[in-house]
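Reviewing the structure listed below.
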Amino acid sequence: MKTNLFRLILAGVLSALGLACGGCASANLARVQPWERATLADYTMRADRDPLSGAIREHVFFSREAASGGRGIGGSNCGCN
Amino acid sequence: MRYLLKVFVGLAIVGWGTGAHGEISVGDRFPPLQAGGLEGAAPETKGHVLLVDFWASWCEPCKESFPAYSRLHSDYQSRGLVVVAVSVDEKEPAFSAFVKRQAPPFATLRDSTHQLVGMIKVPAMPTCYLVGRDGTVRFVHRGFHGRETDLELRNEINALLAENQSPP
């Protein structure tokens, strides 16, 4: 009984190791291929597609993160602008 | 114990099989264009030096590469270079609009099912393969870097054309 349990555990460990040694450990497993990136390259996926929205987000960001000096904008770190 | 070893080896093989590998690189035989289920008429390539460019209408460097390939085509066509551009666009209107805008003098095909591009495992967009007269891949260019790529391609094409001056 004890031997069977040991074998079962060993089989499980070896199975996991076998799959890890093979393709399941491959970095390509869940990668979007270069020829499948049409949707990702679409204009609507761009973060900077709307200048007004970008400016508002930028303002919110540097106001809230004032202690770190904002993002590329000099200031007094008061977060009041 | 022998049984367990067999399980390990079997699963490793299965795992390896599911992994992505097998990218076509220098020294490999380039698959025939006709085998890829491409849309459009593939030109005769046997015995020619072949430049195959994989592109997409949504790829910015591809827009820059087309005028350069057009110049290569006009400069080297008479010496035995065949330029073929294979689009990976799934949407036909996007493909047609790009081709209409660029009006390339070389053949443009479309791999809408991604059969050929999947077989070759193109590493980036665009990627250009220079294939020798014997059908083997001799140079691979990932991306297009303007004048730098253009100069490299010209040197490589000159070398490949010089290898065998006899007409195909």
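All residue names refer to the structure tokens as shown: chains lettered A, B, ... in order, residues numbered from 1 in each chain, ligands numbered from 1 in order.
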- Message: Would you pick out the contacts of range 80-89 of chain B at 8 Å or less, using only C-alpha atoms, so that residues sharing its chain but fewer than 6 positions from it are not included, and give the list as an MDAnalysis selection string?
- Response: (chainID A and resid 35 38) or (chainID B and resid 42:43 45 48:57 69 73 95 106:112 114 117 157 161 167)
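CA of Val140 in chain B is positioned 9.7 Å from CA of Leu153 in chain B.
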- Query: Quick one: DSSP strand (DSSP E) residues in range 40-152 of chain B, as JSON, numbers by chain?
  - Reply: {"B": [49, 50, 51, 52, 53, 54, 55, 81, 82, 83, 84, 85, 86, 87, 107, 108, 109, 110, 127, 128, 129, 130, 131, 137, 138, 139, 140, 141, 142]}
- Message: Nearest residue to chain A out of B:Lys91, B:Arg101, B:Arg133, B:His145, using only C-alpha atoms?
- Response: B:Lys91
- Query: Pick from B:Ile120, B:Val137, B:Ala97, B:Cys59: nearest to chain A, with only C-alpha atoms counted?
  - Reply: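 Ranked by minimum distance to chain A, first place goes to B:Cys59.
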- Task: Could you please determine the separation between CA of Ser70 in chain B and CA of Arg154 in chain B in Å, to one decimal place?
- Result: 12.6 Å
- CA of Arg46 in chain A to CA of Arg147 in chain B: how many Å, to one decimal? 27.7 Å
- With distances taken over only C-alpha atoms, which of B:Leu130, B:Met125, B:Leu151, B:Ala159 is nearest to chain A? B:Met125
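The shell of residues at most 9 Å from Phe144 in chain B, with only C-alpha atoms counted and near chain neighbours (fewer than 6 positions) removed, consists of B:Pro61, B:Cys62, B:Glu64, B:Ser65, B:Met125, B:Pro126, B:Thr127, B:Cys128, B:Asp150.
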- Task: Considering only C-alpha atoms, return as a list in words whatever protein or nucleic-acid residues lie within 12 Å of Asp48 in chain A, sequence-local ones (same chain, fewer than 6 positions apart) excluded.
- Result: Gly54, Ala55, Ile56, Arg57 and Glu58 of chain A
Keeping C-alpha atoms for every residue in the selection just given, could you write it to a file as a tab-separated table (two decimals), in the first residue's frame?
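Once everything was written out, this is part_39.tsv:
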chain	number	residue	atom	x	y	z
A	54	GLY	CA	-4.55	62.26	-22.44
A	55	ALA	CA	-4.14	65.73	-20.95
A	56	ILE	CA	-6.84	65.06	-18.33
A	57	ARG	CA	-5.30	61.71	-17.36
A	58	GLU	CA	-1.90	63.37	-17.19
- Task: Check range 31-118 of chain B with DSSP on the backbone and list each residue it calls alpha helix (DSSP H), as a PyMOL selection string.
- Result: chain B and resi 60-76+92-102+115-118
Report as a short mmCIF file (atom, residue, chain, number, x, y, z; two decimals) with C-alpha atoms, in the first residue's frame all protein, DNA and RNA residues lying within 8 Å of Glu23 in chain B, evaluated on only C-alpha atoms, omitting residues in the same chain fewer than 6 positions from it.
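Generated file (result_10.cif):
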data_model
loop_
_atom_site.label_atom_id
_atom_site.label_comp_id
_atom_site.auth_asym_id
_atom_site.auth_seq_id
_atom_site.Cartn_x
_atom_site.Cartn_y
_atom_site.Cartn_z
CA MET B 119 4.82 27.31 -41.29
CA ILE B 120 7.78 29.68 -41.49
CA LYS B 121 7.16 31.19 -38.04
CA VAL B 122 8.03 34.70 -39.09
CA PRO B 123 9.68 36.33 -36.05
#
